[in-house]
$ cat data.tsv   # TSV, N, CA, C and O atoms
chain	number	residue	atom	x	y	z
R	1	ASP	N	3.71	-20.20	3.81
R	1	ASP	CA	4.29	-19.01	3.22
R	1	ASP	C	3.40	-18.53	2.07
R	1	ASP	O	2.76	-19.33	1.39
R	2	LEU	N	3.41	-17.23	1.86
R	2	LEU	CA	2.60	-16.64	0.80
R	2	LEU	C	3.42	-15.55	0.12
R	2	LEU	O	4.08	-14.75	0.78
R	3	PHE	N	3.37	-15.53	-1.21
R	3	PHE	CA	4.01	-14.48	-1.98
R	3	PHE	C	2.99	-13.96	-2.97
R	3	PHE	O	2.35	-14.73	-3.68
R	4	LEU	N	2.80	-12.64	-2.99
R	4	LEU	CA	1.91	-12.06	-3.99
R	4	LEU	C	2.42	-10.72	-4.46
R	4	LEU	O	3.24	-10.09	-3.82
R	5	VAL	N	1.92	-10.34	-5.62
R	5	VAL	CA	2.30	-9.07	-6.23
R	5	VAL	C	1.02	-8.30	-6.51
R	5	VAL	O	0.10	-8.82	-7.13
R	6	LEU	N	0.97	-7.07	-6.00
R	6	LEU	CA	-0.22	-6.22	-6.16
R	6	LEU	C	0.10	-5.03	-7.05
R	6	LEU	O	1.17	-4.45	-6.93
R	7	PRO	N	-0.85	-4.64	-7.89
R	7	PRO	CA	-0.65	-3.42	-8.67
R	7	PRO	C	-0.96	-2.20	-7.81
R	7	PRO	O	-1.92	-2.20	-7.05
R	8	ILE	N	-0.15	-1.18	-7.92
R	8	ILE	CA	-0.35	0.09	-7.22
R	8	ILE	C	-0.66	1.13	-8.28
R	8	ILE	O	0.02	1.21	-9.30
R	9	LEU	N	-1.68	1.93	-8.03
R	9	LEU	CA	-2.06	3.01	-8.94
R	9	LEU	C	-1.79	4.33	-8.24
R	9	LEU	O	-2.23	4.56	-7.12
R	10	SER	N	-1.05	5.19	-8.91
R	10	SER	CA	-0.73	6.51	-8.38
R	10	SER	C	-0.93	7.51	-9.50
R	10	SER	O	-0.65	7.22	-10.66
R	11	VAL	N	-1.45	8.68	-9.16
R	11	VAL	CA	-1.62	9.72	-10.17
R	11	VAL	C	-0.61	10.83	-9.91
R	11	VAL	O	-0.57	11.41	-8.83
R	12	GLN	N	0.20	11.08	-10.89
R	12	GLN	CA	1.20	12.14	-10.84
R	12	GLN	C	0.73	13.26	-11.75
R	12	GLN	O	-0.25	13.12	-12.47
R	13	ASP	N	1.45	14.36	-11.74
R	13	ASP	CA	1.12	15.47	-12.64
R	13	ASP	C	1.13	15.03	-14.10
R	13	ASP	O	0.37	15.53	-14.92
R	14	SER	N	1.98	14.07	-14.40
R	14	SER	CA	2.10	13.59	-15.78
R	14	SER	C	1.02	12.57	-16.15
R	14	SER	O	0.92	12.18	-17.30
R	15	GLY	N	0.23	12.13	-15.18
R	15	GLY	CA	-0.84	11.16	-15.45
R	15	GLY	C	-0.76	9.96	-14.54
R	15	GLY	O	0.02	9.93	-13.60
R	16	PRO	N	-1.57	8.94	-14.83
R	16	PRO	CA	-1.58	7.75	-13.98
R	16	PRO	C	-0.28	6.97	-14.09
R	16	PRO	O	0.35	6.94	-15.15
R	17	GLU	N	0.08	6.35	-13.00
R	17	GLU	CA	1.31	5.57	-12.97
R	17	GLU	C	1.03	4.28	-12.22
R	17	GLU	O	0.46	4.30	-11.13
R	18	PHE	N	1.38	3.17	-12.83
R	18	PHE	CA	1.23	1.86	-12.19
R	18	PHE	C	2.60	1.31	-11.85
R	18	PHE	O	3.56	1.48	-12.60
R	19	PHE	N	2.69	0.68	-10.70
R	19	PHE	CA	3.88	-0.09	-10.36
R	19	PHE	C	3.45	-1.23	-9.47
R	19	PHE	O	2.28	-1.33	-9.10
R	20	GLU	N	4.37	-2.11	-9.15
R	20	GLU	CA	4.02	-3.31	-8.41
R	20	GLU	C	4.57	-3.29	-6.99
R	20	GLU	O	5.63	-2.73	-6.73
R	21	LEU	N	3.81	-3.94	-6.11
R	21	LEU	CA	4.23	-4.15	-4.73
R	21	LEU	C	4.28	-5.66	-4.50
R	21	LEU	O	3.27	-6.35	-4.68
R	22	ALA	N	5.44	-6.16	-4.15
R	22	ALA	CA	5.58	-7.58	-3.84
R	22	ALA	C	5.52	-7.75	-2.33
R	22	ALA	O	6.10	-6.96	-1.58
R	23	ILE	N	4.77	-8.77	-1.89
R	23	ILE	CA	4.62	-9.05	-0.46
R	23	ILE	C	4.96	-10.52	-0.22
R	23	ILE	O	4.43	-11.41	-0.90
R	24	PHE	N	5.84	-10.75	0.74
R	24	PHE	CA	6.20	-12.11	1.16
R	24	PHE	C	5.78	-12.25	2.61
R	24	PHE	O	6.17	-11.45	3.45
R	25	LEU	N	4.94	-13.26	2.90
R	25	LEU	CA	4.43	-13.48	4.25
R	25	LEU	C	4.88	-14.81	4.80
R	25	LEU	O	4.84	-15.82	4.09
R	26	ARG	N	5.28	-14.79	6.05
R	26	ARG	CA	5.55	-15.99	6.83
R	26	ARG	C	4.83	-15.80	8.15
R	26	ARG	O	4.35	-14.71	8.43
R	27	PRO	N	4.76	-16.80	9.00
R	27	PRO	CA	4.00	-16.65	10.24
R	27	PRO	C	4.39	-15.44	11.11
R	27	PRO	O	3.54	-14.83	11.72
R	28	HIS	N	5.66	-15.09	11.15
R	28	HIS	CA	6.09	-13.96	11.98
R	28	HIS	C	6.89	-12.94	11.19
R	28	HIS	O	7.76	-12.25	11.75
R	29	LEU	N	6.59	-12.84	9.89
R	29	LEU	CA	7.36	-11.94	9.04
R	29	LEU	C	6.52	-11.46	7.87
R	29	LEU	O	5.78	-12.24	7.27
R	30	MET	N	6.63	-10.19	7.56
R	30	MET	CA	6.06	-9.65	6.33
R	30	MET	C	7.12	-8.76	5.70
R	30	MET	O	7.64	-7.85	6.34
R	31	LEU	N	7.42	-9.03	4.45
R	31	LEU	CA	8.40	-8.26	3.72
R	31	LEU	C	7.71	-7.68	2.49
R	31	LEU	O	7.05	-8.39	1.75
R	32	THR	N	7.84	-6.35	2.30
R	32	THR	CA	7.28	-5.71	1.12
R	32	THR	C	8.41	-5.08	0.32
R	32	THR	O	9.35	-4.53	0.88
R	33	VAL	N	8.28	-5.17	-1.00
R	33	VAL	CA	9.28	-4.60	-1.90
R	33	VAL	C	8.55	-3.93	-3.05
R	33	VAL	O	7.63	-4.51	-3.63
R	34	SER	N	8.93	-2.69	-3.35
R	34	SER	CA	8.37	-2.02	-4.52
R	34	SER	C	9.44	-1.16	-5.16
R	34	SER	O	10.41	-0.78	-4.51
R	35	GLU	N	9.25	-0.89	-6.43
R	35	GLU	CA	10.24	-0.09	-7.16
R	35	GLU	C	10.10	1.39	-6.85
R	35	GLU	O	11.01	2.17	-7.11
R	36	LYS	N	8.95	1.79	-6.29
R	36	LYS	CA	8.71	3.19	-5.94
R	36	LYS	C	8.15	3.25	-4.53
R	36	LYS	O	7.64	2.27	-4.01
R	37	GLU	N	8.20	4.43	-3.95
R	37	GLU	CA	7.66	4.61	-2.61
R	37	GLU	C	6.13	4.55	-2.64
R	37	GLU	O	5.49	5.14	-3.51
R	38	VAL	N	5.56	3.82	-1.71
R	38	VAL	CA	4.12	3.77	-1.54
R	38	VAL	C	3.80	4.78	-0.45
R	38	VAL	O	4.04	4.55	0.73
R	39	ARG	N	3.29	5.95	-0.83
R	39	ARG	CA	3.11	7.06	0.10
R	39	ARG	C	2.25	6.71	1.31
R	39	ARG	O	2.52	7.12	2.41
R	40	SER	N	1.19	5.94	1.08
R	40	SER	CA	0.28	5.63	2.18
R	40	SER	C	0.93	4.75	3.24
R	40	SER	O	0.44	4.65	4.35
R	41	PHE	N	2.04	4.12	2.93
R	41	PHE	CA	2.72	3.27	3.91
R	41	PHE	C	3.39	4.08	5.01
R	41	PHE	O	3.69	3.53	6.07
R	42	GLN	N	3.62	5.36	4.79
R	42	GLN	CA	4.26	6.18	5.81
R	42	GLN	C	3.41	6.21	7.08
R	42	GLN	O	3.93	6.09	8.18
R	43	LEU	N	2.09	6.35	6.93
R	43	LEU	CA	1.20	6.35	8.09
R	43	LEU	C	1.23	5.00	8.81
R	43	LEU	O	1.24	4.96	10.05
R	44	LEU	N	1.27	3.91	8.05
R	44	LEU	CA	1.35	2.59	8.66
R	44	LEU	C	2.65	2.42	9.43
R	44	LEU	O	2.67	1.91	10.54
R	45	LYS	N	3.74	2.87	8.83
R	45	LYS	CA	5.04	2.77	9.48
R	45	LYS	C	5.06	3.53	10.80
R	45	LYS	O	5.53	3.01	11.82
R	46	GLU	N	4.50	4.73	10.79
R	46	GLU	CA	4.46	5.53	12.02
R	46	GLU	C	3.63	4.84	13.09
R	46	GLU	O	4.00	4.81	14.27
R	47	ARG	N	2.49	4.25	12.69
R	47	ARG	CA	1.64	3.55	13.66
R	47	ARG	C	2.37	2.36	14.26
R	47	ARG	O	2.33	2.13	15.46
R	48	TRP	N	3.08	1.57	13.43
R	48	TRP	CA	3.79	0.40	13.92
R	48	TRP	C	4.98	0.78	14.78
R	48	TRP	O	5.33	0.07	15.71
R	49	GLU	N	5.62	1.91	14.47
R	49	GLU	CA	6.75	2.34	15.28
R	49	GLU	C	6.30	2.77	16.67
R	49	GLU	O	7.04	2.65	17.64
R	50	ARG	N	5.07	3.28	16.78
R	50	ARG	CA	4.54	3.66	18.09
R	50	ARG	C	4.18	2.44	18.93
R	50	ARG	O	4.19	2.49	20.15
R	51	ARG	N	3.83	1.33	18.26
R	51	ARG	CA	3.42	0.11	18.96
R	51	ARG	C	4.14	-1.10	18.38
R	51	ARG	O	3.52	-1.98	17.78
R	52	PRO	N	5.46	-1.18	18.56
R	52	PRO	CA	6.22	-2.28	17.93
R	52	PRO	C	5.81	-3.67	18.43
R	52	PRO	O	5.90	-4.64	17.69
R	53	GLN	N	5.34	-3.77	19.66
R	53	GLN	CA	4.93	-5.08	20.18
R	53	GLN	C	3.75	-5.65	19.39
R	53	GLN	O	3.68	-6.84	19.17
R	54	THR	N	2.86	-4.80	18.93
R	54	THR	CA	1.73	-5.25	18.11
R	54	THR	C	2.21	-5.69	16.74
R	54	THR	O	1.80	-6.73	16.23
R	55	ALA	N	3.09	-4.91	16.15
R	55	ALA	CA	3.59	-5.24	14.81
R	55	ALA	C	4.33	-6.57	14.82
R	55	ALA	O	4.23	-7.34	13.86
R	56	GLU	N	5.06	-6.86	15.88
R	56	GLU	CA	5.82	-8.10	15.94
R	56	GLU	C	4.91	-9.32	16.07
R	56	GLU	O	5.21	-10.38	15.57
R	57	LYS	N	3.78	-9.17	16.76
R	57	LYS	CA	2.92	-10.31	17.04
R	57	LYS	C	1.83	-10.53	15.99
R	57	LYS	O	1.35	-11.63	15.82
R	58	GLU	N	1.42	-9.48	15.32
R	58	GLU	CA	0.23	-9.54	14.48
R	58	GLU	C	0.55	-9.33	13.00
R	58	GLU	O	0.18	-8.32	12.42
R	59	VAL	N	1.22	-10.28	12.39
R	59	VAL	CA	1.55	-10.17	10.97
R	59	VAL	C	0.28	-10.12	10.13
R	59	VAL	O	0.18	-9.36	9.16
R	60	GLY	N	-0.74	-10.88	10.53
R	60	GLY	CA	-2.00	-10.87	9.81
R	60	GLY	C	-2.65	-9.50	9.82
R	60	GLY	O	-3.18	-9.04	8.81
R	61	MET	N	-2.56	-8.83	10.97
R	61	MET	CA	-3.11	-7.49	11.08
R	61	MET	C	-2.32	-6.51	10.21
R	61	MET	O	-2.89	-5.64	9.55
R	62	MET	N	-1.01	-6.67	10.19
R	62	MET	CA	-0.17	-5.82	9.35
R	62	MET	C	-0.50	-6.04	7.87
R	62	MET	O	-0.60	-5.09	7.10
R	63	PHE	N	-0.66	-7.29	7.48
R	63	PHE	CA	-0.99	-7.62	6.10
R	63	PHE	C	-2.33	-6.99	5.71
R	63	PHE	O	-2.47	-6.40	4.64
R	64	HIS	N	-3.31	-7.10	6.58
R	64	HIS	CA	-4.62	-6.50	6.33
R	64	HIS	C	-4.49	-4.99	6.17
R	64	HIS	O	-5.09	-4.39	5.27
R	65	ALA	N	-3.69	-4.34	7.02
R	65	ALA	CA	-3.49	-2.89	6.94
R	65	ALA	C	-2.83	-2.50	5.62
R	65	ALA	O	-3.18	-1.49	5.02
R	66	VAL	N	-1.87	-3.30	5.16
R	66	VAL	CA	-1.20	-3.02	3.88
R	66	VAL	C	-2.20	-3.14	2.73
R	66	VAL	O	-2.27	-2.27	1.86
R	67	LEU	N	-2.98	-4.23	2.71
R	67	LEU	CA	-3.98	-4.39	1.66
R	67	LEU	C	-4.99	-3.26	1.69
R	67	LEU	O	-5.36	-2.72	0.63
R	68	ASP	N	-5.45	-2.90	2.86
R	68	ASP	CA	-6.41	-1.81	3.01
R	68	ASP	C	-5.82	-0.50	2.48
R	68	ASP	O	-6.49	0.27	1.79
R	69	SER	N	-4.57	-0.25	2.79
R	69	SER	CA	-3.91	0.96	2.34
R	69	SER	C	-3.78	0.99	0.81
R	69	SER	O	-3.99	2.02	0.18
R	70	VAL	N	-3.43	-0.15	0.22
R	70	VAL	CA	-3.32	-0.23	-1.24
R	70	VAL	C	-4.66	0.05	-1.89
R	70	VAL	O	-4.77	0.86	-2.82
R	71	ILE	N	-5.71	-0.58	-1.39
R	71	ILE	CA	-7.04	-0.39	-1.96
R	71	ILE	C	-7.53	1.04	-1.75
R	71	ILE	O	-8.06	1.67	-2.68
R	72	ASP	N	-7.34	1.58	-0.55
R	72	ASP	CA	-7.74	2.97	-0.29
R	72	ASP	C	-6.99	3.95	-1.19
R	72	ASP	O	-7.52	4.99	-1.55
R	73	GLY	N	-5.77	3.61	-1.57
R	73	GLY	CA	-4.98	4.47	-2.44
R	73	GLY	C	-5.54	4.58	-3.85
R	73	GLY	O	-5.23	5.53	-4.58
R	74	TYR	N	-6.38	3.64	-4.25
R	74	TYR	CA	-6.99	3.70	-5.57
R	74	TYR	C	-8.03	4.81	-5.67
R	74	TYR	O	-8.22	5.38	-6.73
R	75	PHE	N	-8.72	5.12	-4.58
R	75	PHE	CA	-9.82	6.09	-4.65
R	75	PHE	C	-9.37	7.49	-5.05
R	75	PHE	O	-9.94	8.08	-5.97
R	76	PRO	N	-8.34	8.08	-4.41
R	76	PRO	CA	-7.89	9.39	-4.87
R	76	PRO	C	-7.38	9.36	-6.31
R	76	PRO	O	-7.60	10.30	-7.08
R	77	ALA	N	-6.72	8.28	-6.67
R	77	ALA	CA	-6.21	8.16	-8.04
R	77	ALA	C	-7.37	8.11	-9.03
R	77	ALA	O	-7.33	8.77	-10.07
R	78	LEU	N	-8.39	7.35	-8.72
R	78	LEU	CA	-9.54	7.25	-9.61
R	78	LEU	C	-10.31	8.57	-9.68
R	78	LEU	O	-10.79	8.96	-10.75
R	79	GLU	N	-10.43	9.26	-8.55
R	79	GLU	CA	-11.10	10.57	-8.55
R	79	GLU	C	-10.34	11.57	-9.42
R	79	GLU	O	-10.94	12.35	-10.16
R	80	SER	N	-9.02	11.53	-9.34
R	80	SER	CA	-8.21	12.43	-10.15
R	80	SER	C	-8.39	12.12	-11.64
R	80	SER	O	-8.51	13.03	-12.46
R	81	LEU	N	-8.41	10.84	-11.97
R	81	LEU	CA	-8.63	10.45	-13.36
R	81	LEU	C	-10.02	10.87	-13.83
R	81	LEU	O	-10.19	11.34	-14.96
R	82	GLU	N	-11.02	10.73	-12.96
R	82	GLU	CA	-12.37	11.15	-13.31
R	82	GLU	C	-12.42	12.66	-13.58
R	82	GLU	O	-13.05	13.10	-14.55
R	83	ASP	N	-11.72	13.44	-12.76
R	83	ASP	CA	-11.66	14.89	-12.98
R	83	ASP	C	-11.02	15.22	-14.32
R	83	ASP	O	-11.47	16.12	-15.04
R	84	ARG	N	-9.96	14.51	-14.69
R	84	ARG	CA	-9.30	14.73	-15.97
R	84	ARG	C	-10.22	14.40	-17.13
R	84	ARG	O	-10.23	15.08	-18.15
R	85	ILE	N	-10.99	13.33	-16.99
R	85	ILE	CA	-11.94	12.93	-18.04
R	85	ILE	C	-13.04	13.99	-18.17
R	85	ILE	O	-13.44	14.35	-19.29
R	86	ASP	N	-13.52	14.51	-17.03
R	86	ASP	CA	-14.56	15.55	-17.07
R	86	ASP	C	-14.07	16.79	-17.80
R	86	ASP	O	-14.84	17.43	-18.53
R	87	VAL	N	-12.82	17.14	-17.62
R	87	VAL	CA	-12.25	18.31	-18.30
R	87	VAL	C	-12.27	18.09	-19.81
R	87	VAL	O	-12.51	19.02	-20.58
R	88	LEU	N	-12.02	16.87	-20.23
R	88	LEU	CA	-11.98	16.56	-21.66
R	88	LEU	C	-13.37	16.51	-22.28
R	88	LEU	O	-13.52	16.66	-23.50
R	89	SER	N	-14.38	16.29	-21.47
R	89	SER	CA	-15.76	16.16	-22.00
R	89	SER	C	-16.36	17.48	-22.37
R	89	SER	O	-16.14	18.50	-21.91
$ encode --input "data.tsv" --output "structure tokens"
Amino acid sequence: DLFLVLPILSVQDSGPEFFELAIFLRPHLMLTVSEKEVRSFQLLKERWERRPQTAEKEVGMMFHAVLDSVIDGYFPALESLEDRIDVLS
């Protein structure tokens, strides 16, 4: 079993926002919990709903997709922050 907590970075109109994503993994189960919606997970959910047999068998693949989505979500947030810094310069 594995339990981890990842920081999520999101940029809102009011500025950067951090919150946590908790992930609990077992051989045939992945449970994620967060205090806010992780927008990028909607695409993952749609993909898994189209192919539920894959989602049920490949928890490792699902975990990799979640981590990839979290990391990819940092890039737009960082670009937005960079744009805000450029405006101040």
$ atom_distance --input "data.tsv" --atom1 "CA of Gly73 in chain R" --atom2 "CA of Leu9 in chain R"
7.3 Å
$ atom_distance --input "data.tsv" --atom1 "atom C of Phe41 in chain R" --atom2 "atom C of Pro27 in chain R"
20.5 Å
$ atom_distance --input "data.tsv" --atom1 "atom N of Ile85 in chain R" --atom2 "atom O of Val70 in chain R"
19.9 Å
$ select_by_dssp --input "data.tsv" --residues "chain R" --states "strand (DSSP E or B)" --output "tab-separated table (two decimals) with N, CA, C and O atoms, in the coordinates of the input"
chain	number	residue	atom	x	y	z
R	2	LEU	N	3.41	-17.23	1.86
R	2	LEU	CA	2.60	-16.64	0.80
R	2	LEU	C	3.42	-15.55	0.12
R	2	LEU	O	4.08	-14.75	0.78
R	3	PHE	N	3.37	-15.53	-1.21
R	3	PHE	CA	4.01	-14.48	-1.98
R	3	PHE	C	2.99	-13.96	-2.97
R	3	PHE	O	2.35	-14.73	-3.68
R	4	LEU	N	2.80	-12.64	-2.99
R	4	LEU	CA	1.91	-12.06	-3.99
R	4	LEU	C	2.42	-10.72	-4.46
R	4	LEU	O	3.24	-10.09	-3.82
R	5	VAL	N	1.92	-10.34	-5.62
R	5	VAL	CA	2.30	-9.07	-6.23
R	5	VAL	C	1.02	-8.30	-6.51
R	5	VAL	O	0.10	-8.82	-7.13
R	6	LEU	N	0.97	-7.07	-6.00
R	6	LEU	CA	-0.22	-6.22	-6.16
R	6	LEU	C	0.10	-5.03	-7.05
R	6	LEU	O	1.17	-4.45	-6.93
R	7	PRO	N	-0.85	-4.64	-7.89
R	7	PRO	CA	-0.65	-3.42	-8.67
R	7	PRO	C	-0.96	-2.20	-7.81
R	7	PRO	O	-1.92	-2.20	-7.05
R	8	ILE	N	-0.15	-1.18	-7.92
R	8	ILE	CA	-0.35	0.09	-7.22
R	8	ILE	C	-0.66	1.13	-8.28
R	8	ILE	O	0.02	1.21	-9.30
R	9	LEU	N	-1.68	1.93	-8.03
R	9	LEU	CA	-2.06	3.01	-8.94
R	9	LEU	C	-1.79	4.33	-8.24
R	9	LEU	O	-2.23	4.56	-7.12
R	10	SER	N	-1.05	5.19	-8.91
R	10	SER	CA	-0.73	6.51	-8.38
R	10	SER	C	-0.93	7.51	-9.50
R	10	SER	O	-0.65	7.22	-10.66
R	11	VAL	N	-1.45	8.68	-9.16
R	11	VAL	CA	-1.62	9.72	-10.17
R	11	VAL	C	-0.61	10.83	-9.91
R	11	VAL	O	-0.57	11.41	-8.83
R	12	GLN	N	0.20	11.08	-10.89
R	12	GLN	CA	1.20	12.14	-10.84
R	12	GLN	C	0.73	13.26	-11.75
R	12	GLN	O	-0.25	13.12	-12.47
R	15	GLY	N	0.23	12.13	-15.18
R	15	GLY	CA	-0.84	11.16	-15.45
R	15	GLY	C	-0.76	9.96	-14.54
R	15	GLY	O	0.02	9.93	-13.60
R	16	PRO	N	-1.57	8.94	-14.83
R	16	PRO	CA	-1.58	7.75	-13.98
R	16	PRO	C	-0.28	6.97	-14.09
R	16	PRO	O	0.35	6.94	-15.15
R	17	GLU	N	0.08	6.35	-13.00
R	17	GLU	CA	1.31	5.57	-12.97
R	17	GLU	C	1.03	4.28	-12.22
R	17	GLU	O	0.46	4.30	-11.13
R	18	PHE	N	1.38	3.17	-12.83
R	18	PHE	CA	1.23	1.86	-12.19
R	18	PHE	C	2.60	1.31	-11.85
R	18	PHE	O	3.56	1.48	-12.60
R	19	PHE	N	2.69	0.68	-10.70
R	19	PHE	CA	3.88	-0.09	-10.36
R	19	PHE	C	3.45	-1.23	-9.47
R	19	PHE	O	2.28	-1.33	-9.10
R	20	GLU	N	4.37	-2.11	-9.15
R	20	GLU	CA	4.02	-3.31	-8.41
R	20	GLU	C	4.57	-3.29	-6.99
R	20	GLU	O	5.63	-2.73	-6.73
R	21	LEU	N	3.81	-3.94	-6.11
R	21	LEU	CA	4.23	-4.15	-4.73
R	21	LEU	C	4.28	-5.66	-4.50
R	21	LEU	O	3.27	-6.35	-4.68
R	22	ALA	N	5.44	-6.16	-4.15
R	22	ALA	CA	5.58	-7.58	-3.84
R	22	ALA	C	5.52	-7.75	-2.33
R	22	ALA	O	6.10	-6.96	-1.58
R	23	ILE	N	4.77	-8.77	-1.89
R	23	ILE	CA	4.62	-9.05	-0.46
R	23	ILE	C	4.96	-10.52	-0.22
R	23	ILE	O	4.43	-11.41	-0.90
R	24	PHE	N	5.84	-10.75	0.74
R	24	PHE	CA	6.20	-12.11	1.16
R	24	PHE	C	5.78	-12.25	2.61
R	24	PHE	O	6.17	-11.45	3.45
R	25	LEU	N	4.94	-13.26	2.90
R	25	LEU	CA	4.43	-13.48	4.25
R	25	LEU	C	4.88	-14.81	4.80
R	25	LEU	O	4.84	-15.82	4.09
R	26	ARG	N	5.28	-14.79	6.05
R	26	ARG	CA	5.55	-15.99	6.83
R	26	ARG	C	4.83	-15.80	8.15
R	26	ARG	O	4.35	-14.71	8.43
R	29	LEU	N	6.59	-12.84	9.89
R	29	LEU	CA	7.36	-11.94	9.04
R	29	LEU	C	6.52	-11.46	7.87
R	29	LEU	O	5.78	-12.24	7.27
R	30	MET	N	6.63	-10.19	7.56
R	30	MET	CA	6.06	-9.65	6.33
R	30	MET	C	7.12	-8.76	5.70
R	30	MET	O	7.64	-7.85	6.34
R	31	LEU	N	7.42	-9.03	4.45
R	31	LEU	CA	8.40	-8.26	3.72
R	31	LEU	C	7.71	-7.68	2.49
R	31	LEU	O	7.05	-8.39	1.75
R	32	THR	N	7.84	-6.35	2.30
R	32	THR	CA	7.28	-5.71	1.12
R	32	THR	C	8.41	-5.08	0.32
R	32	THR	O	9.35	-4.53	0.88
R	33	VAL	N	8.28	-5.17	-1.00
R	33	VAL	CA	9.28	-4.60	-1.90
R	33	VAL	C	8.55	-3.93	-3.05
R	33	VAL	O	7.63	-4.51	-3.63
R	34	SER	N	8.93	-2.69	-3.35
R	34	SER	CA	8.37	-2.02	-4.52
R	34	SER	C	9.44	-1.16	-5.16
R	34	SER	O	10.41	-0.78	-4.51
$ select_by_dssp --input "data.tsv" --residues "range 2-78 of chain R" --states "alpha helix (DSSP H)" --output "VMD selection string"
chain R and resid 41 to 50 52 to 57 59 to 78
$ residues_around --input "data.tsv" --residues "Arg26 in chain R" --least-positions-apart "5" --cutoff "12 Å" --atoms "only C-alpha atoms" --output "JSON list (two decimals) with N, CA, C and O atoms, keeping the file's coordinate frame"
[["chain", "number", "residue", "atom", "x", "y", "z"],
["R", 1, "ASP", "N", 3.71, -20.20, 3.81],
["R", 1, "ASP", "CA", 4.29, -19.01, 3.22],
["R", 1, "ASP", "C", 3.40, -18.53, 2.07],
["R", 1, "ASP", "O", 2.76, -19.33, 1.39],
["R", 2, "LEU", "N", 3.41, -17.23, 1.86],
["R", 2, "LEU", "CA", 2.60, -16.64, 0.80],
["R", 2, "LEU", "C", 3.42, -15.55, 0.12],
["R", 2, "LEU", "O", 4.08, -14.75, 0.78],
["R", 3, "PHE", "N", 3.37, -15.53, -1.21],
["R", 3, "PHE", "CA", 4.01, -14.48, -1.98],
["R", 3, "PHE", "C", 2.99, -13.96, -2.97],
["R", 3, "PHE", "O", 2.35, -14.73, -3.68],
["R", 31, "LEU", "N", 7.42, -9.03, 4.45],
["R", 31, "LEU", "CA", 8.40, -8.26, 3.72],
["R", 31, "LEU", "C", 7.71, -7.68, 2.49],
["R", 31, "LEU", "O", 7.05, -8.39, 1.75],
["R", 32, "THR", "N", 7.84, -6.35, 2.30],
["R", 32, "THR", "CA", 7.28, -5.71, 1.12],
["R", 32, "THR", "C", 8.41, -5.08, 0.32],
["R", 32, "THR", "O", 9.35, -4.53, 0.88],
["R", 57, "LYS", "N", 3.78, -9.17, 16.76],
["R", 57, "LYS", "CA", 2.92, -10.31, 17.04],
["R", 57, "LYS", "C", 1.83, -10.53, 15.99],
["R", 57, "LYS", "O", 1.35, -11.63, 15.82],
["R", 58, "GLU", "N", 1.42, -9.48, 15.32],
["R", 58, "GLU", "CA", 0.23, -9.54, 14.48],
["R", 58, "GLU", "C", 0.55, -9.33, 13.00],
["R", 58, "GLU", "O", 0.18, -8.32, 12.42],
["R", 59, "VAL", "N", 1.22, -10.28, 12.39],
["R", 59, "VAL", "CA", 1.55, -10.17, 10.97],
["R", 59, "VAL", "C", 0.28, -10.12, 10.13],
["R", 59, "VAL", "O", 0.18, -9.36, 9.16],
["R", 60, "GLY", "N", -0.74, -10.88, 10.53],
["R", 60, "GLY", "CA", -2.00, -10.87, 9.81],
["R", 60, "GLY", "C", -2.65, -9.50, 9.82],
["R", 60, "GLY", "O", -3.18, -9.04, 8.81],
["R", 62, "MET", "N", -1.01, -6.67, 10.19],
["R", 62, "MET", "CA", -0.17, -5.82, 9.35],
["R", 62, "MET", "C", -0.50, -6.04, 7.87],
["R", 62, "MET", "O", -0.60, -5.09, 7.10],
["R", 63, "PHE", "N", -0.66, -7.29, 7.48],
["R", 63, "PHE", "CA", -0.99, -7.62, 6.10],
["R", 63, "PHE", "C", -2.33, -6.99, 5.71],
["R", 63, "PHE", "O", -2.47, -6.40, 4.64]]
$ residues_around --input "data.tsv" --residues "range 11-17 of chain R" --least-positions-apart "2" --cutoff "10 Å" --atoms "only C-alpha atoms" --output "CSV table (one decimal) with N, CA, C and O atoms, in the frame of the given file"
chain,number,residue,atom,x,y,z
R,8,ILE,N,-0.2,-1.2,-7.9
R,8,ILE,CA,-0.4,0.1,-7.2
R,8,ILE,C,-0.7,1.1,-8.3
R,8,ILE,O,0.0,1.2,-9.3
R,9,LEU,N,-1.7,1.9,-8.0
R,9,LEU,CA,-2.1,3.0,-8.9
R,9,LEU,C,-1.8,4.3,-8.2
R,9,LEU,O,-2.2,4.6,-7.1
R,19,PHE,N,2.7,0.7,-10.7
R,19,PHE,CA,3.9,-0.1,-10.4
R,19,PHE,C,3.4,-1.2,-9.5
R,19,PHE,O,2.3,-1.3,-9.1
R,73,GLY,N,-5.8,3.6,-1.6
R,73,GLY,CA,-5.0,4.5,-2.4
R,73,GLY,C,-5.5,4.6,-3.8
R,73,GLY,O,-5.2,5.5,-4.6
R,74,TYR,N,-6.4,3.6,-4.2
R,74,TYR,CA,-7.0,3.7,-5.6
R,74,TYR,C,-8.0,4.8,-5.7
R,74,TYR,O,-8.2,5.4,-6.7
R,76,PRO,N,-8.3,8.1,-4.4
R,76,PRO,CA,-7.9,9.4,-4.9
R,76,PRO,C,-7.4,9.4,-6.3
R,76,PRO,O,-7.6,10.3,-7.1
R,77,ALA,N,-6.7,8.3,-6.7
R,77,ALA,CA,-6.2,8.2,-8.0
R,77,ALA,C,-7.4,8.1,-9.0
R,77,ALA,O,-7.3,8.8,-10.1
R,78,LEU,N,-8.4,7.4,-8.7
R,78,LEU,CA,-9.5,7.2,-9.6
R,78,LEU,C,-10.3,8.6,-9.7
R,78,LEU,O,-10.8,9.0,-10.8
R,79,GLU,N,-10.4,9.3,-8.6
R,79,GLU,CA,-11.1,10.6,-8.6
R,79,GLU,C,-10.3,11.6,-9.4
R,79,GLU,O,-10.9,12.4,-10.2
R,80,SER,N,-9.0,11.5,-9.3
R,80,SER,CA,-8.2,12.4,-10.2
R,80,SER,C,-8.4,12.1,-11.6
R,80,SER,O,-8.5,13.0,-12.5
R,81,LEU,N,-8.4,10.8,-12.0
R,81,LEU,CA,-8.6,10.4,-13.4
R,81,LEU,C,-10.0,10.9,-13.8
R,81,LEU,O,-10.2,11.3,-15.0
R,84,ARG,N,-10.0,14.5,-14.7
R,84,ARG,CA,-9.3,14.7,-16.0
R,84,ARG,C,-10.2,14.4,-17.1
R,84,ARG,O,-10.2,15.1,-18.2
